[in-house]
Amino acid sequence: MSSAPEIIDFHCHIASEMCFPRSFQSGVVDNMTVALASQGLPVTKEKVAKMHAGTLRDPLCDELVKQMDEAGIKESVLLVPDFTYALKDSTHTIAEIIDHHKEVVDRHPGRFRVLVGVDPRWGKDGIALFEKAIVDYRFDGMKLYPPCGYKLSDDLLYPYYEICAQYGLPVLSHIGATSPVLDFEIAQPIFVDKAAKDFPGVDFVLAHGSVHYPDECAMLCNNRPNIYVDVSGYEAAGTAALNTLFRRGINHKILFGTDWPVFRLQGRQIDLVEKLTKEGAFPETMSDADRALFFHKNAERLLGKNTLKSPPAAADRG
Amino acid sequence: MNKGPVTDEAICRIIGSVIPKAAAQGGVTPEMDLRADLGIDSLALMSIVFVLEEQVGIDAFSKVEQFVGAEAVSDIIDIVRQS
Ligand SMILES: [Zn+2]
C-alpha cells in the first residue's frame with residue numbers, strides 16, 4: 001500500500017515548538033520521564049525534554065514532505081489546535097500560528113490541507129480570525145481541542161459550526177486524554193452528539209477514535225451519518241484495536257492519520273504506514289475497496305464538499 | 001568525555017539490553033532495522049540514548065536530531081563513533 005501515491009494523512013501537525021506551548025510539552029515529558037525512570041534508567045526530565053524537542057524541528061515541513069513522498073502520502077492535513085487561550089505560556093499568538101501554516105501551504109503546493117482551530121472563548125475576534133483563515137487563506141475546516149476547557153456542543157462553538165455548514169467544511173476534534181496540563185473529562189466523544197444532530201450538514205471527525213473511547217466512537221459513527229473517526233495513536237496503542245474497528249461495519253467512516261510528529265521517534269512515515277499491514281491491522285474480511293476508503297477516499301469525500309474550492313483532482317479519478 | 005573506544009558488538013549489546021526480549025533473542029547486528037527488525041518504539045529509542053550516554057560516556061544529547069533520524073543499528077554506531 002505504501003507504494004501507492006494516493007494516501008491522505010488526515011492527522012498531522014507542524015513539527016515546531018511554536019505550535020505547542022512549553023507547559024504542554026512539559027506535561028508530555030513528565031509522562032515519558034515516569035516511564036523511563038521506572039526502567040531504572042539514569043533519566044532527568046531535562047534530558048527527556050531535549051529528546052522530545054528533537055522531534056519538533058521541521059517548522060517548514062520540508063522533512064515531512066520528503067517522508068510523505070517516501071510513504072506514498074499524497075496530501076497531509078495539518079491540524080492547528082489553539083492552546084493559546086488555555087495555556088498562557090504560548091510563544092506565539094494563534095493569529096501568528098495560523099499565518100505560519102499559510103506559509104507552509106504555499107511552500108509546498110498541493111501537499112497540505114489545514115484544519116484551523118480558534119478557542120471559542122476568544123469571542124468575536126476569534127470568529128473573524130477563523131473566517132479569514134477559511135475565506136482568505138482557503139483553509140479546509142476546523143480543529144477543536146476540548147481538553148483546553150470547552151465541550152464540543154458548547155453554544156460558543158455554534159457560530160463556527162454555522163460557518164462550516166455554510167462552506168461545507170469538516171470539524172475535527174481531539175478526543176480523550178492528552179498532555180496532563182489540560183482537562184481530560186471534558187473531552188469525551190459523546191459531547192459531540194448535540195452539535196452533530198444540530199448540524200447534519202457538517203462532518204465531525206473524532207480524532208484517536210481507535211484508541212480513546214473506541215466503543216463510544218464506533219457507536220456514534222454507526223448512528224450519526226455525519227460522525228467519523230481518525231485512527232491516529234495506533235502507533236502506540238497497537239494495531240489489534242484497529243483490526244477490531246475495521247470489523248464494526250463503519251469502514252466508510254474511518255480515516256487514516258499518523259499524528260506526525262508525535263511518533264517520530266518510532267520511525268519514518270513509511271514505517272508507520274507499513275506497520276499497519278505488517279502487524280495485522282486489516283482483517284481478512286476487509287476488501288480493497290474498504291482499504292481505499294480508509295487510506296484516501298473517505299478523506300477525499302470530506303474535503304471535497306468545500307464550496308470555496310474545486311473538488312480534489314483525485315475525487316474525479318474515482 | 002569519551003571513555004575510550006567502544007566496539008560495534010558492545011553497542012549492539014547495549015541496544016539488545018533495552019529492546020523487547022523476543023526481538024533481541026537472535027542477537028542484534030549492525031545491519032538490522034531499528035523498527036522493522038527490532039520493534040523499537042519511542043521510549044525504547046530514548047532508553048538506548050540514555051544507556052549509551054551512561055555506559056559509553058558520549059554526550060548523546062547533543063546528537064538528538066541524529067538519533068531522531070536513525071534507521072538502522074549501524075546509524076546508532078555511526079553516531080557513537082562521531083562522538
Ligand atoms: Zn494530534
# chains A, B, ... in the order shown; residues from 1 in each chain; ligands from 1

$ interface_residues --of "chain B" --to "chain A" --cutoff "8 Å" --atoms "only C-alpha atoms" --output "list in words"
Arg35, Ala36, Ile40, Asp41, Ser42, Leu43, Leu45, Met46, Ser47, Phe50, Val51, Glu54, Phe61, Val64, Glu65, Val68, Gly69 and Glu71 of chain B

$ closest_atom_pairs --of "range 28-132 of chain A" --to "range 172-185 of chain A" --cutoff "10 Å" --atoms "only C-alpha atoms" --output "JSON lines"
{"residue": "A:Val28", "atom": "CA", "partner": "A:Ser179", "partner_atom": "CA", "distance": 5.1}
{"residue": "A:Val29", "atom": "CA", "partner": "A:Ser179", "partner_atom": "CA", "distance": 8.7}
{"residue": "A:Asp30", "atom": "CA", "partner": "A:Pro180", "partner_atom": "CA", "distance": 8.5}
{"residue": "A:Asn31", "atom": "CA", "partner": "A:Pro180", "partner_atom": "CA", "distance": 8.2}
{"residue": "A:Leu79", "atom": "CA", "partner": "A:Leu172", "partner_atom": "CA", "distance": 8.5}
{"residue": "A:Pro81", "atom": "CA", "partner": "A:His174", "partner_atom": "CA", "distance": 8.8}
{"residue": "A:Phe83", "atom": "CA", "partner": "A:Leu182", "partner_atom": "CA", "distance": 9.7}
{"residue": "A:Ala86", "atom": "CA", "partner": "A:Leu182", "partner_atom": "CA", "distance": 8.3}
{"residue": "A:Leu87", "atom": "CA", "partner": "A:Val181", "partner_atom": "CA", "distance": 8.7}
{"residue": "A:Leu115", "atom": "CA", "partner": "A:Leu172", "partner_atom": "CA", "distance": 7.5}
{"residue": "A:Val116", "atom": "CA", "partner": "A:Leu172", "partner_atom": "CA", "distance": 9.3}
{"residue": "A:Gly117", "atom": "CA", "partner": "A:Leu172", "partner_atom": "CA", "distance": 9.3}

$ write_last_selection --atoms "N, CA and C atoms" --output "PDB file, in the first residue's frame"
ATOM      1  N   VAL A  28       3.825  16.410  28.627  1.00  0.00           N
ATOM      2  CA  VAL A  28       4.107  15.206  27.835  1.00  0.00           C
ATOM      3  C   VAL A  28       5.401  14.562  28.329  1.00  0.00           C
ATOM      4  N   VAL A  29       6.395  15.414  28.570  1.00  0.00           N
ATOM      5  CA  VAL A  29       7.702  14.935  29.008  1.00  0.00           C
ATOM      6  C   VAL A  29       7.607  14.280  30.399  1.00  0.00           C
ATOM      7  N   ASP A  30       6.749  14.813  31.264  1.00  0.00           N
ATOM      8  CA  ASP A  30       6.556  14.205  32.589  1.00  0.00           C
ATOM      9  C   ASP A  30       6.161  12.732  32.457  1.00  0.00           C
ATOM     10  N   ASN A  31       5.213  12.461  31.557  1.00  0.00           N
ATOM     11  CA  ASN A  31       4.768  11.079  31.370  1.00  0.00           C
ATOM     12  C   ASN A  31       5.888  10.180  30.849  1.00  0.00           C
ATOM     13  N   LEU A  79      -3.228  20.039  11.360  1.00  0.00           N
ATOM     14  CA  LEU A  79      -4.213  20.463  12.351  1.00  0.00           C
ATOM     15  C   LEU A  79      -3.610  21.556  13.221  1.00  0.00           C
ATOM     16  N   PRO A  81      -4.386  23.107  16.616  1.00  0.00           N
ATOM     17  CA  PRO A  81      -5.116  23.314  17.860  1.00  0.00           C
ATOM     18  C   PRO A  81      -4.733  24.664  18.449  1.00  0.00           C
ATOM     19  N   PHE A  83      -4.021  26.370  21.578  1.00  0.00           N
ATOM     20  CA  PHE A  83      -3.750  26.229  23.015  1.00  0.00           C
ATOM     21  C   PHE A  83      -3.599  27.591  23.680  1.00  0.00           C
ATOM     22  N   ALA A  86      -5.966  28.687  26.682  1.00  0.00           N
ATOM     23  CA  ALA A  86      -5.890  27.898  27.917  1.00  0.00           C
ATOM     24  C   ALA A  86      -4.501  27.935  28.551  1.00  0.00           C
ATOM     25  N   LEU A  87      -3.457  27.981  27.723  1.00  0.00           N
ATOM     26  CA  LEU A  87      -2.088  27.933  28.239  1.00  0.00           C
ATOM     27  C   LEU A  87      -1.396  29.246  27.913  1.00  0.00           C
ATOM     28  N   LEU A 115      -6.769  22.298   8.898  1.00  0.00           N
ATOM     29  CA  LEU A 115      -7.966  22.464   9.735  1.00  0.00           C
ATOM     30  C   LEU A 115      -7.559  23.384  10.873  1.00  0.00           C
ATOM     31  N   VAL A 116      -8.229  24.517  10.946  1.00  0.00           N
ATOM     32  CA  VAL A 116      -7.729  25.590  11.793  1.00  0.00           C
ATOM     33  C   VAL A 116      -8.555  25.693  13.072  1.00  0.00           C
ATOM     34  N   GLY A 117      -7.857  25.872  14.184  1.00  0.00           N
ATOM     35  CA  GLY A 117      -8.524  25.959  15.480  1.00  0.00           C
ATOM     36  C   GLY A 117      -8.481  27.366  16.030  1.00  0.00           C
TER      37      GLY A 117
END

$ residues_near_ligand --ligand "ligand 1" --cutoff "8 Å" --atoms "only C-alpha atoms and all ligand atoms" --output "PyMOL selection string"
chain A and resi 11-13+79+174+207+232+259-260+262

$ atom_distance --atom1 "CA of His296 in chain A" --atom2 "CA of Ile7 in chain A"
5.2 Å

$ atom_distance --atom1 "CA of Leu242 in chain A" --atom2 "CA of Phe191 in chain A"
23.0 Å

$ select_by_dssp --residues "range 156-247 of chain A" --states "strand (DSSP E)" --output "ChimeraX atom specification"
/A:171-173,204-206,227-230

$ write_last_selection --atoms "N, CA, C and O atoms" --output "compact mmCIF listing (two decimals), in the first residue's frame"
# COMPACT_ATOMS: atom_id res chain seq x y z
N VAL A 171 -15.24 19.34 10.73
CA VAL A 171 -14.70 19.73 12.04
C VAL A 171 -14.03 18.51 12.63
O VAL A 171 -14.65 17.45 12.72
N LEU A 172 -12.76 18.62 12.98
CA LEU A 172 -12.06 17.51 13.61
C LEU A 172 -11.73 17.88 15.05
O LEU A 172 -11.23 18.96 15.32
N SER A 173 -12.05 16.97 15.98
CA SER A 173 -11.77 17.27 17.39
C SER A 173 -10.89 16.22 18.03
O SER A 173 -11.07 15.02 17.82
N PHE A 204 -18.23 15.65 11.42
CA PHE A 204 -17.42 15.73 12.63
C PHE A 204 -16.49 14.52 12.70
O PHE A 204 -16.96 13.38 12.62
N VAL A 205 -15.20 14.76 12.88
CA VAL A 205 -14.23 13.67 12.97
C VAL A 205 -13.71 13.59 14.41
O VAL A 205 -13.22 14.59 14.95
N LEU A 206 -13.84 12.42 15.02
CA LEU A 206 -13.33 12.20 16.38
C LEU A 206 -11.91 11.64 16.25
O LEU A 206 -11.71 10.51 15.81
N ILE A 227 -20.77 11.59 11.62
CA ILE A 227 -19.66 11.43 12.57
C ILE A 227 -18.67 10.37 12.06
O ILE A 227 -19.05 9.31 11.60
N TYR A 228 -17.38 10.73 12.13
CA TYR A 228 -16.27 9.93 11.62
C TYR A 228 -15.21 9.75 12.72
O TYR A 228 -15.26 10.43 13.74
N VAL A 229 -14.24 8.86 12.50
CA VAL A 229 -13.09 8.76 13.40
C VAL A 229 -11.80 8.78 12.60
O VAL A 229 -11.77 8.34 11.45
N ASP A 230 -10.72 9.29 13.21
CA ASP A 230 -9.40 9.02 12.64
C ASP A 230 -8.66 8.08 13.59
O ASP A 230 -9.00 7.99 14.76

$ residues_around --residues "Val105 in chain A" --least-positions-apart "4" --cutoff "10 Å" --atoms "only C-alpha atoms" --output "list of chain:residue names"
A:Leu60, A:Cys61, A:Leu78, A:Asp99, A:His100, A:His101, A:Pro109, A:Gly110, A:Arg111, A:Phe112, A:Arg113, A:Val114, A:Tyr137, A:Phe139

$ closest_residue --among "B:Val80, B:Gly57, B:Val49, B:Asp75" --to "Thr29 in chain B" --atoms "only C-alpha atoms"
B:Asp75

$ atom_distance --atom1 "CA of Ile127 in chain A" --atom2 "CA of Pro159 in chain A"
7.5 Å

$ select_by_dssp --residues "range 132-284 of chain A" --states "helix (DSSP H, G or I)" --output "ChimeraX atom specification"
/A:132-135,146-148,155-167,185-187,189-198,214-223,234-237,240-245,264-266,269-278

$ residues_around --residues "Ile11 in chain B" --least-positions-apart "3" --cutoff "10 Å" --atoms "only C-alpha atoms" --output "PyMOL selection string"
chain B and resi 6-8+14-17+28-30+48+51-52+55-56+73-74+76-77+80

$ write_last_selection --atoms "N, CA, C and O atoms" --output "mmCIF file, in the first residue's frame"
data_model
loop_
_atom_site.group_PDB
_atom_site.id
_atom_site.type_symbol
_atom_site.label_atom_id
_atom_site.label_comp_id
_atom_site.auth_asym_id
_atom_site.auth_seq_id
_atom_site.Cartn_x
_atom_site.Cartn_y
_atom_site.Cartn_z
ATOM 1 N N VAL B 6 34.813 2.019 21.792
ATOM 2 C CA VAL B 6 33.772 1.052 22.109
ATOM 3 C C VAL B 6 33.500 0.259 20.828
ATOM 4 O O VAL B 6 33.461 0.811 19.742
ATOM 5 N N THR B 7 33.384 -1.041 20.975
ATOM 6 C CA THR B 7 33.237 -1.884 19.784
ATOM 7 C C THR B 7 31.793 -1.884 19.282
ATOM 8 O O THR B 7 30.867 -1.578 20.031
ATOM 9 N N ASP B 8 31.639 -2.252 17.994
ATOM 10 C CA ASP B 8 30.298 -2.396 17.436
ATOM 11 C C ASP B 8 29.491 -3.390 18.258
ATOM 12 O O ASP B 8 28.299 -3.187 18.511
ATOM 13 N N ILE B 14 24.300 -3.207 23.986
ATOM 14 C CA ILE B 14 23.537 -2.181 24.711
ATOM 15 C C ILE B 14 22.137 -2.063 24.126
ATOM 16 O O ILE B 14 21.133 -2.029 24.854
ATOM 17 N N ILE B 15 22.063 -2.048 22.793
ATOM 18 C CA ILE B 15 20.746 -1.956 22.154
ATOM 19 C C ILE B 15 19.913 -3.185 22.517
ATOM 20 O O ILE B 15 18.729 -3.080 22.860
ATOM 21 N N GLY B 16 20.565 -4.347 22.490
ATOM 22 C CA GLY B 16 19.858 -5.590 22.826
ATOM 23 C C GLY B 16 19.318 -5.607 24.238
ATOM 24 O O GLY B 16 18.337 -6.294 24.533
ATOM 25 N N SER B 17 19.952 -4.820 25.118
ATOM 26 C CA SER B 17 19.549 -4.858 26.521
ATOM 27 C C SER B 17 18.286 -4.050 26.806
ATOM 28 O O SER B 17 17.671 -4.217 27.852
ATOM 29 N N VAL B 28 21.599 -8.827 18.185
ATOM 30 C CA VAL B 28 21.454 -7.587 17.420
ATOM 31 C C VAL B 28 22.691 -7.408 16.555
ATOM 32 O O VAL B 28 23.810 -7.543 17.033
ATOM 33 N N THR B 29 22.505 -7.124 15.249
ATOM 34 C CA THR B 29 23.635 -6.888 14.350
ATOM 35 C C THR B 29 23.473 -5.532 13.661
ATOM 36 O O THR B 29 22.357 -5.018 13.561
ATOM 37 N N PRO B 30 24.628 -4.959 13.204
ATOM 38 C CA PRO B 30 24.600 -3.584 12.680
ATOM 39 C C PRO B 30 23.619 -3.364 11.536
ATOM 40 O O PRO B 30 23.053 -2.275 11.418
ATOM 41 N N ILE B 48 17.764 3.687 24.678
ATOM 42 C CA ILE B 48 19.067 3.427 24.059
ATOM 43 C C ILE B 48 19.981 4.634 24.252
ATOM 44 O O ILE B 48 21.147 4.504 24.634
ATOM 45 N N VAL B 51 21.164 4.871 27.912
ATOM 46 C CA VAL B 51 22.140 3.851 28.298
ATOM 47 C C VAL B 51 23.475 4.107 27.613
ATOM 48 O O VAL B 51 24.540 3.950 28.217
ATOM 49 N N LEU B 52 23.440 4.543 26.350
ATOM 50 C CA LEU B 52 24.690 4.863 25.650
ATOM 51 C C LEU B 52 25.434 5.967 26.381
ATOM 52 O O LEU B 52 26.648 5.918 26.560
ATOM 53 N N GLN B 55 26.822 4.392 29.699
ATOM 54 C CA GLN B 55 27.817 3.317 29.620
ATOM 55 C C GLN B 55 28.975 3.637 28.688
ATOM 56 O O GLN B 55 30.074 3.147 28.875
ATOM 57 N N VAL B 56 28.711 4.430 27.643
ATOM 58 C CA VAL B 56 29.776 4.723 26.676
ATOM 59 C C VAL B 56 30.396 6.093 26.954
ATOM 60 O O VAL B 56 31.498 6.392 26.528
ATOM 61 N N VAL B 73 20.665 -0.086 13.145
ATOM 62 C CA VAL B 73 21.638 -0.205 14.231
ATOM 63 C C VAL B 73 22.947 0.471 13.814
ATOM 64 O O VAL B 73 23.592 1.155 14.616
ATOM 65 N N SER B 74 23.309 0.327 12.535
ATOM 66 C CA SER B 74 24.570 0.929 12.059
ATOM 67 C C SER B 74 24.552 2.456 12.179
ATOM 68 O O SER B 74 25.599 3.077 12.373
ATOM 69 N N ILE B 76 23.161 4.114 14.614
ATOM 70 C CA ILE B 76 23.479 4.381 16.018
ATOM 71 C C ILE B 76 24.994 4.245 16.233
ATOM 72 O O ILE B 76 25.627 5.088 16.888
ATOM 73 N N ILE B 77 25.553 3.217 15.623
ATOM 74 C CA ILE B 77 27.006 3.009 15.750
ATOM 75 C C ILE B 77 27.753 4.218 15.189
ATOM 76 O O ILE B 77 28.688 4.734 15.811
ATOM 77 N N VAL B 80 27.657 7.165 17.560
ATOM 78 C CA VAL B 80 28.569 6.976 18.688
ATOM 79 C C VAL B 80 30.012 7.205 18.237
ATOM 80 O O VAL B 80 30.799 7.865 18.920
#
